[in-house]
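As structure tokens, the structure follows; a few thoughts come after it.
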Amino acid sequence: MEKQKRIKKNEEFQEVFKRGKSSANRQFVVYTLLKAEQQQARLGLSVSKRVGNAVTRNRIKRVIKEIFRKHEADIAHQEYVIIARNPTASMDFFQMEKSLLHVLQRAGAMRQSKGKRS
């Protein structure tokens, strides 16, 4: 993931937590923050040690990044912090994709597109 598309600093995470809006389902919590000058979607990830070991947590992060990259054209230009919950450890790519897109739609982050893409 490109450097300008990432949220890495604690201050940036805290700003999204404090000023942003949250939406959740059983697998993910998504915080969104719209900034006027935002030119692209920025993504920050958080996967707790309670979710699994390092291998599991890193797999979850890779899958979320790939889902974000795959649906980049349909995702609004905002800042996102995604927190993965315990059930994600046992999910495959397609289950995670369906769940994450669902929570992004609930958060109002998905642009309306003509026809469904896969």
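Identifiers in this document derive from the order of the structure tokens: chains are assigned A, B, ..., residues are numbered from 1 separately in each chain, and ligands are numbered from 1 in order of occurrence.
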Could I get the residues of region 34-77 of chain A with an atom no further than 12 Å from an atom of region 13-26 of chain A, each paired with its nearest atom pair and that distance in Å to one decimal, using only C-alpha atoms, sorted by chain and residue number, as a Markdown table?
```
| residue | atom | partner | partner_atom | distance |
| --- | --- | --- | --- | --- |
| A:Leu34 | CA | A:Gly20 | CA | 7.6 |
| A:Lys35 | CA | A:Gly20 | CA | 9.9 |
| A:Arg42 | CA | A:Val16 | CA | 10.9 |
| A:Leu43 | CA | A:Phe13 | CA | 9.8 |
| A:Gly44 | CA | A:Phe13 | CA | 7.3 |
| A:Leu45 | CA | A:Phe13 | CA | 9.3 |
| A:Ser46 | CA | A:Phe13 | CA | 9.8 |
```
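Of the residues in chain A, those given strand (DSSP E) by DSSP on the backbone are A:Lys21, A:Ser22, A:Ser23, A:Ala24, A:Phe28, A:Val29, A:Val30, A:Tyr31, A:Thr32, A:Leu33, A:Arg42, A:Leu43, A:Gly44, A:Leu45, A:Ser46, A:Val47, A:Glu79, A:Tyr80, A:Val81, A:Ile82, A:Ile83, A:Ala84.
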Go ahead and compute the interatomic distance for CA of Arg57 (chain A) and CA of Ala84 (chain A), in Å to one decimal.
9.0 Å
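Picture a line from CA of Arg106 (chain A) to CA of Phe68 (chain A); it runs 15.8 Å.
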Any idea what's packed within 10 Å of Ala107 (chain A), counting only C-alpha atoms, ignoring anything in its chain fewer than 2 positions away? Could you give it as a ChimeraX atom specification?
/A:21-24,29-32,101-105,109-110
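Taking CA of Ile67 (chain A) and CA of Leu100 (chain A) as endpoints, the distance between them is 8.3 Å.
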For Arg69 (chain A), please output as an NGL selection string all residues within 12 Å (counting only C-alpha atoms; exclusion window: fewer than 2 positions along the same chain).
:A and (1-2 or 5 or 40-43 or 62-67 or 71-75 or 97)
Could those selected residues go to a file with C-alpha atoms, as a PDB file, in the first residue's frame?
```pdb
ATOM      1  CA  MET A   1       0.000   0.000   0.000  1.00  0.00           C
ATOM      2  CA  GLU A   2       1.381   3.389  -0.981  1.00  0.00           C
ATOM      3  CA  LYS A   5      -2.679   6.002   1.511  1.00  0.00           C
ATOM      4  CA  GLN A  40      -7.739   9.783  -1.753  1.00  0.00           C
ATOM      5  CA  ALA A  41      -8.850   7.192   0.753  1.00  0.00           C
ATOM      6  CA  ARG A  42      -6.415   6.625   3.632  1.00  0.00           C
ATOM      7  CA  LEU A  43      -6.443   3.437   5.681  1.00  0.00           C
ATOM      8  CA  ARG A  62      -3.055  -8.272   4.145  1.00  0.00           C
ATOM      9  CA  VAL A  63      -6.576  -9.392   3.289  1.00  0.00           C
ATOM     10  CA  ILE A  64      -8.111  -6.070   4.398  1.00  0.00           C
ATOM     11  CA  LYS A  65      -5.550  -4.120   2.336  1.00  0.00           C
ATOM     12  CA  GLU A  66      -6.315  -6.268  -0.712  1.00  0.00           C
ATOM     13  CA  ILE A  67     -10.074  -5.765  -0.287  1.00  0.00           C
ATOM     14  CA  HIS A  71     -12.694  -1.831  -4.317  1.00  0.00           C
ATOM     15  CA  GLU A  72     -10.712   1.428  -4.320  1.00  0.00           C
ATOM     16  CA  ALA A  73     -12.844   2.976  -7.092  1.00  0.00           C
ATOM     17  CA  ASP A  74     -16.040   2.410  -5.072  1.00  0.00           C
ATOM     18  CA  ILE A  75     -14.749   3.696  -1.719  1.00  0.00           C
ATOM     19  CA  GLU A  97     -14.749  -9.127   1.824  1.00  0.00           C
TER      20      GLU A  97
END
```
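Minimum atom-to-atom distance to Thr88 (chain A), evaluated using only C-alpha atoms, belongs to A:Gln27 out of A:Gln38, A:Glu11, A:Gln27, A:Ala54.
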List the spatial neighbours of Gly52 (chain A) as a ChimeraX atom specification - criterion: any atom at most 12 Å away, only C-alpha atoms, same-chain residues fewer than 6 positions off excluded.
/A:58-60,84-90
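Compared by their closest atoms to Thr56 (chain A), and using only C-alpha atoms, the residues A:Ile82, A:Asp92, A:Glu12, A:Gln39 rank with A:Asp92 nearest.
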Given the choices A:Lys70, A:His77, A:Lys61, A:Arg50, which gets closest to Arg111 (chain A) if the distance is worked out from only C-alpha atoms?
A:His77
